[in-house]
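Raw contents of data-v2.txt, compact mmCIF, C-alpha atoms:
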# COMPACT_ATOMS: atom_id res chain seq x y z
CA PRO U 11 76.23 6.67 80.92
CA GLU U 12 78.09 7.44 77.78
CA THR U 13 81.57 6.91 79.23
CA TYR U 14 80.81 3.25 79.97
CA PHE U 15 79.56 2.73 76.41
CA THR U 16 82.70 4.36 75.03
CA VAL U 17 85.17 2.48 77.22
CA TRP U 18 83.49 -0.90 76.84
CA THR U 19 83.28 -0.61 73.06
CA ASN U 20 86.76 0.72 72.42
CA VAL U 21 88.77 -1.02 75.13
CA PHE U 22 87.12 -4.38 75.70
CA ASP U 23 85.31 -4.98 72.41
CA ARG U 24 87.44 -3.41 69.69
CA ALA U 25 90.83 -3.53 71.46
CA ARG U 26 90.06 -6.89 73.12
CA LEU U 27 91.61 -6.10 76.51
CA LYS U 28 91.43 -9.16 78.75
CA LYS U 29 92.38 -10.24 82.24
CA GLY U 30 96.12 -10.25 82.91
CA GLU U 31 96.93 -7.71 80.19
CA SER U 32 98.07 -4.11 80.54
CA ILE U 33 96.64 -0.84 79.27
CA LEU U 34 97.86 2.74 78.95
CA VAL U 35 95.06 5.27 79.50
CA HIS U 36 95.74 8.81 78.32
CA GLY U 37 93.87 11.58 80.13
CA GLY U 38 93.56 9.41 83.22
CA ALA U 39 91.65 12.04 85.21
CA SER U 40 89.04 12.72 82.51
CA GLY U 41 85.58 11.14 82.50
CA ILE U 42 86.71 8.51 80.01
CA GLY U 43 89.99 8.04 81.86
CA THR U 44 88.49 7.46 85.30
CA THR U 45 86.00 5.01 83.82
CA ALA U 46 88.69 3.12 81.88
CA ILE U 47 90.98 2.89 84.91
CA GLN U 48 88.24 1.48 87.13
CA LEU U 49 86.96 -1.03 84.60
CA ALA U 50 90.39 -2.28 83.54
CA HIS U 51 91.41 -2.66 87.19
CA ALA U 52 88.15 -4.46 88.00
CA PHE U 53 88.77 -6.94 85.18
CA GLY U 54 92.23 -7.81 86.46
CA CYS U 55 94.41 -5.68 84.17
CA THR U 56 97.47 -3.58 84.99
CA VAL U 57 96.70 0.08 84.34
CA TYR U 58 99.16 2.81 83.34
CA ALA U 59 97.81 6.35 83.00
CA THR U 60 99.01 9.78 81.94
CA VAL U 61 98.03 13.01 83.73
CA GLY U 62 99.19 16.61 83.93
CA ASP U 63 99.66 17.24 87.66
CA ALA U 64 100.26 15.60 91.04
CA ALA U 65 96.65 15.84 92.28
CA LYS U 66 95.38 13.98 89.24
CA ARG U 67 98.14 11.41 89.67
CA GLN U 68 96.96 10.54 93.16
CA ALA U 69 93.32 10.41 92.03
CA CYS U 70 94.21 7.86 89.34
CA LEU U 71 96.20 5.76 91.79
CA ASP U 72 93.22 5.76 94.16
CA LEU U 73 90.99 4.49 91.32
CA GLY U 74 93.23 1.52 90.62
CA ALA U 75 96.03 2.64 88.30
CA ALA U 76 99.31 0.85 89.05
CA HIS U 77 101.54 3.53 87.52
CA VAL U 78 100.71 7.15 86.67
CA ILE U 79 102.96 9.29 84.48
CA ASN U 80 103.02 13.09 84.41
CA TYR U 81 103.32 13.76 80.68
CA LYS U 82 104.38 17.35 81.35
CA THR U 83 107.51 16.36 83.26
CA GLU U 84 108.21 12.86 81.94
CA ASP U 85 108.62 11.16 78.58
CA PHE U 86 105.64 8.83 78.81
CA VAL U 87 107.02 6.48 76.14
CA ALA U 88 110.28 5.97 78.05
CA ALA U 89 108.36 5.62 81.32
CA VAL U 90 106.05 2.95 79.92
CA ARG U 91 108.94 0.98 78.41
CA GLU U 92 110.83 1.18 81.70
CA LYS U 93 107.90 0.22 83.91
CA THR U 94 107.00 -2.74 81.68
CA GLY U 95 110.59 -3.97 81.49
CA GLY U 96 110.79 -3.06 77.82
CA LYS U 97 107.77 -5.17 76.94
CA GLY U 98 105.26 -2.38 76.36
CA VAL U 99 101.53 -2.44 77.03
CA ASP U 100 98.89 -4.58 75.36
CA VAL U 101 96.35 -1.81 74.79
CA ASP U 102 96.62 1.98 74.49
CA LEU U 103 93.50 4.15 74.82
CA ASP U 104 94.19 7.51 73.20
CA MET U 105 92.13 10.66 72.72
CA VAL U 106 94.94 12.88 71.43
CA ALA U 107 95.90 11.35 68.06
CA GLY U 108 98.09 13.61 65.86
CA PRO U 109 101.68 13.43 67.13
CA TYR U 110 100.71 10.85 69.76
CA ILE U 111 100.11 8.08 67.20
CA GLU U 112 103.82 7.38 66.68
CA LYS U 113 104.44 7.58 70.43
CA ASN U 114 101.57 5.24 71.17
CA LEU U 115 102.93 2.66 68.75
CA ASP U 116 106.21 2.85 70.66
CA CYS U 117 104.34 2.18 73.91
CA LEU U 118 102.72 -0.98 72.57
CA GLY U 119 104.24 -4.43 72.87
CA MET U 120 103.97 -7.23 70.33
CA ASP U 121 100.40 -7.68 69.08
CA GLY U 122 99.47 -4.44 70.87
CA ARG U 123 96.25 -2.62 70.05
CA LEU U 124 95.87 1.17 69.82
CA SER U 125 92.31 2.46 70.21
CA VAL U 126 91.78 6.10 69.19
CA ILE U 127 88.58 7.80 70.38
CA ALA U 128 89.29 11.52 69.78
CA VAL U 129 91.62 13.81 67.86
CA GLN U 130 92.48 16.55 70.34
CA GLY U 131 96.02 16.76 68.95
CA GLY U 132 94.98 16.71 65.29
CA ALA U 133 93.22 14.40 62.86
CA THR U 134 96.30 13.60 60.78
CA ALA U 135 99.45 11.74 61.79
CA THR U 136 102.76 10.58 60.37
CA PHE U 137 104.20 7.34 61.70
CA ASN U 138 106.50 4.50 60.78
CA VAL U 139 104.33 1.79 59.23
CA ALA U 140 107.19 -0.71 59.62
CA LYS U 141 106.71 -0.51 63.41
CA LEU U 142 103.09 -1.44 62.90
CA MET U 143 103.98 -4.41 60.72
CA MET U 144 106.98 -5.74 62.63
CA GLY U 145 105.16 -5.54 65.95
CA ARG U 146 101.92 -7.02 64.54
CA LYS U 147 100.16 -4.00 66.01
CA THR U 148 96.62 -2.85 65.34
CA ILE U 149 95.15 0.66 65.19
CA THR U 150 91.40 0.97 65.61
CA GLY U 151 89.00 3.80 66.29
CA SER U 152 85.31 4.52 66.52
CA THR U 153 82.66 7.10 67.29
CA LEU U 154 79.57 6.23 69.30
CA ARG U 155 76.74 8.58 68.40
CA PRO U 156 76.51 7.96 64.61
CA GLN U 157 76.14 4.20 65.09
CA SER U 158 72.82 2.48 64.45
CA ILE U 159 70.19 1.78 67.08
CA GLU U 160 70.90 -1.93 66.61
CA ALA U 161 74.62 -1.45 67.29
CA LYS U 162 73.89 0.62 70.39
CA ALA U 163 71.41 -1.99 71.60
CA ALA U 164 74.13 -4.65 71.33
CA MET U 165 76.49 -2.44 73.36
CA ALA U 166 73.80 -1.86 75.97
CA ALA U 167 73.18 -5.59 76.27
CA ALA U 168 76.89 -6.19 76.86
CA LEU U 169 76.98 -3.41 79.46
CA ARG U 170 73.98 -4.87 81.26
CA GLU U 171 75.69 -8.24 81.41
CA LYS U 172 79.28 -7.23 82.14
CA ILE U 173 79.29 -3.77 83.70
CA TRP U 174 76.03 -3.33 85.60
CA PRO U 175 76.95 -5.96 88.22
CA LEU U 176 80.12 -3.95 88.93
CA LEU U 177 78.09 -0.75 89.33
CA GLU U 178 75.56 -2.46 91.57
CA ALA U 179 78.33 -3.88 93.74
CA GLY U 180 80.07 -0.51 93.96
CA THR U 181 83.22 -1.94 92.40
CA VAL U 182 83.17 0.89 89.87
CA LYS U 183 81.34 4.18 90.26
CA PRO U 184 81.10 7.64 88.68
CA VAL U 185 83.60 10.11 90.10
CA LEU U 186 81.87 13.09 91.77
CA PHE U 187 84.08 16.14 92.07
CA LYS U 188 81.90 18.30 94.30
CA THR U 189 78.38 18.95 95.54
CA PHE U 190 77.01 22.41 96.34
CA PRO U 191 73.70 24.32 96.80
CA LEU U 192 71.79 25.21 93.67
CA HIS U 193 72.13 28.96 94.24
CA GLN U 194 75.90 28.56 93.82
CA ALA U 195 75.62 26.64 90.55
CA ASP U 196 76.48 29.47 88.16
CA ALA U 197 79.54 30.54 90.11
CA GLU U 198 80.74 26.95 90.58
CA ALA U 199 80.20 26.17 86.90
CA ALA U 200 82.36 29.13 85.91
CA VAL U 201 85.14 27.97 88.23
CA MET U 202 84.94 24.39 86.96
CA ARG U 203 85.10 25.44 83.31
CA GLN U 204 88.20 27.57 83.91
CA ALA U 205 90.05 25.22 86.25
CA VAL U 206 92.27 22.35 85.20
CA MET U 207 90.53 19.48 86.96
CA MET U 208 88.62 16.29 86.34
CA ARG U 209 86.02 16.95 83.68
CA GLY U 210 82.41 15.73 83.78
CA ARG U 211 78.84 16.91 84.11
CA MET U 212 76.95 19.10 86.53
CA VAL U 213 73.76 17.65 87.99
CA HIS U 214 71.06 19.72 89.72
CA PHE U 215 68.60 18.32 92.28
CA LEU U 216 65.70 20.72 92.92
CA ASP U 217 62.41 20.02 94.75
CA GLY U 218 62.30 16.40 93.66
CA ARG U 219 63.09 17.29 90.07
CA VAL U 220 66.17 15.82 88.42
CA GLU U 221 67.83 17.96 85.79
CA LEU U 222 70.87 17.33 83.67
CA GLN U 223 72.67 20.55 82.80
CA ARG U 224 75.01 20.08 79.89
CA TYR U 225 75.03 23.33 77.99
CA GLY U 226 71.26 23.77 77.88
CA ARG U 227 69.95 20.25 77.37
CA ASP U 228 66.24 20.06 78.20
CA ASP U 229 64.04 17.10 79.17
CA SER U 230 63.22 16.12 75.59
CA GLU U 231 66.91 15.99 74.76
CA VAL U 232 67.58 13.85 77.82
CA ILE U 233 64.84 11.40 76.79
CA GLU U 234 66.09 11.22 73.21
CA SER U 235 69.64 10.74 74.51
CA ILE U 236 68.49 7.76 76.54
CA ASN U 237 66.65 6.28 73.57
CA ARG U 238 69.81 6.58 71.51
CA GLY U 239 71.59 4.46 74.09
CA GLU U 240 73.30 7.28 75.98
CA LEU U 241 71.74 6.54 79.37
CA ASN U 242 72.47 9.43 81.72
CA ILE U 243 74.03 8.55 85.05
CA VAL U 244 71.73 10.87 86.99
CA LEU U 245 68.68 8.86 85.95
CA ILE U 246 70.41 5.59 86.74
CA GLU U 247 71.39 6.77 90.20
CA ALA U 248 67.93 8.15 90.92
CA ALA U 249 66.21 4.99 89.77
CA GLU U 250 68.59 2.64 91.56
CA ALA U 251 68.19 4.61 94.80
CA ALA U 252 64.50 3.71 94.70
CA GLY U 253 65.11 0.10 93.65
CA ALA U 254 63.78 0.66 90.12
CA THR U 255 65.09 -1.04 87.00
CA LEU U 256 65.82 0.73 83.74
CA HIS U 257 65.34 -1.35 80.61
CA PHE U 258 67.63 -0.98 77.60
CA ASP U 259 65.50 -2.97 75.17
CA ARG U 260 62.49 -0.66 75.03
CA ARG U 261 62.09 3.03 74.31
CA LEU U 262 61.71 5.49 77.15
CA ASP U 263 58.51 7.39 76.42
CA SER U 264 58.63 10.08 79.06
CA VAL U 265 60.12 11.27 82.31
CA ASP U 266 57.52 12.63 84.75
CA PHE U 267 59.68 14.58 87.17
CA ASP U 268 56.76 15.80 89.29
CA ARG U 269 55.55 12.24 89.92
CA ARG U 270 59.17 11.00 89.92
CA THR U 271 58.57 8.24 87.38
CA LEU U 272 60.09 6.89 84.20
CA VAL U 273 57.54 5.63 81.67
CA VAL U 274 58.80 2.88 79.37
CA LYS U 275 56.49 1.66 76.61
CA GLY U 276 56.92 -1.83 75.21
CA ALA U 277 55.18 -3.51 72.28
CA ALA U 278 52.08 -4.47 74.27
CA HIS U 279 52.29 -2.76 77.62
CA GLU U 280 53.61 0.17 79.59
CA ASP U 281 55.91 0.12 82.64
CA THR U 282 56.16 2.94 85.13
CA HIS U 283 59.32 3.02 87.24
CA PRO U 284 59.51 5.30 90.29
CA PHE U 285 62.72 7.16 91.11
Please re-express this file's structure in structure tokens.
Amino acid sequence: PETYFTVWTNVFDRARLKKGESILVHGGASGIGTTAIQLAHAFGCTVYATVGDAAKRQACLDLGAAHVINYKTEDFVAAVREKTGGKGVDVDLDMVAGPYIEKNLDCLGMDGRLSVIAVQGGATATFNVAKLMMGRKTITGSTLRPQSIEAKAAMAAALREKIWPLLEAGTVKPVLFKTFPLHQADAEAAVMRQAVMMRGRMVHFLDGRVELQRYGRDDSEVIESINRGELNIVLIEAAEAAGATLHFDRRLDSVDFDRRTLVVKGAAHEDTHPF
């Protein structure tokens, strides 16, 4: 799933979060946020998160966040400084950018690392460079999809080694907001798009066929997405439920939904995995 690629790369690889450190996760109730909270907590880190309402606050606490700040009613910089005893956090995962850059630098402690993964608040920022220098702080950022196949393969290998055991053990898991009959899908989708709630994807299960609905993506797009390294959680869950194994190091050739199989072609042979 793409969120695990994003969080692993930007939090644990680029920002070098390690056991015993602390992290501030903005958008704690988003797909990226819920993934980051669970992974950081699982690796022995103290997690701070920002959200916009009380329901999301409780959800983040349930996932492992130690402190959750409502950015609409609190100054999150002051709250972080207070809750860390003035020390600040080691890592800050931000998807807002713009005016948040200066604030994020204020949230970081000495040698803190700011990882920017989106620019929802604007792609330009003004900040005090002296704070960056005096605090020995680092700003990094990345995008996933434009990276090479080789780079994505390296990420996938790290995920298989570090993250998959946590998924298999149930230590971390995708957050499911709601399940409902297929005939209600259109109405539910409209409600979910308009509501302020945890964001994610809608998955349809119909007569043994697994479909990923993300604004009109068809089977060929799903297959190509997997081959780019963006393994979709619905296929993982379906395969794991049947005890199948999905391989990252070979291209997925096809998904036969009627026969419920994944066909993976290697250099000299072909594997068929039921799901």
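The neighbours of Ser125 in chain U here are the residues that come within 9 Å of it, using only C-alpha atoms and leaving out any residue fewer than 2 positions away in the same chain; they are Asn20, Val21, Arg24, Ala25, Val101, Asp102, Leu103, Asp104, Met105, Arg123, Ile127, Thr148, Ile149, Thr150, Gly151 and Ser152 of chain U.
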Report, in Å to a single decimal, how far apart CA of Arg170 in chain U and CA of Val99 in chain U are. 28.0 Å
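Considering the residues U:Arg155, U:Lys82, U:Lys29, U:Arg67 and counting all atoms listed in the file, Leu49 in chain U has its shortest atom-to-atom contact with U:Lys29.
Note that the spacing between CA of Val139 in chain U and CA of Val106 in chain U amounts to 19.0 Å.
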Would you list the contacts of Thr60 in chain U as a short mmCIF file (atom, residue, chain, number, x, y, z; two decimals) with C-alpha atoms, keeping the file's coordinate frame, taking every protein, DNA or RNA residue within 8 Å and counting all atoms listed in the file, but skipping same-chain residues closer than 6 positions in sequence?
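Done, and the output landed in around.cif:
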data_model
loop_
_atom_site.label_atom_id
_atom_site.label_comp_id
_atom_site.auth_asym_id
_atom_site.auth_seq_id
_atom_site.Cartn_x
_atom_site.Cartn_y
_atom_site.Cartn_z
CA LEU U 34 97.86 2.74 78.95
CA VAL U 35 95.06 5.27 79.50
CA HIS U 36 95.74 8.81 78.32
CA GLY U 37 93.87 11.58 80.13
CA GLY U 38 93.56 9.41 83.22
CA ARG U 67 98.14 11.41 89.67
CA VAL U 78 100.71 7.15 86.67
CA ILE U 79 102.96 9.29 84.48
CA ASN U 80 103.02 13.09 84.41
CA TYR U 81 103.32 13.76 80.68
CA PHE U 86 105.64 8.83 78.81
#
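CA of Gly54 in chain U is positioned 15.6 Å from CA of Asp72 in chain U.
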Restricting the calculation to all atoms listed in the file: of U:Phe137, U:Trp174, U:Phe15, U:Tyr58, which residue gets closest to Asp116 in chain U? U:Phe137
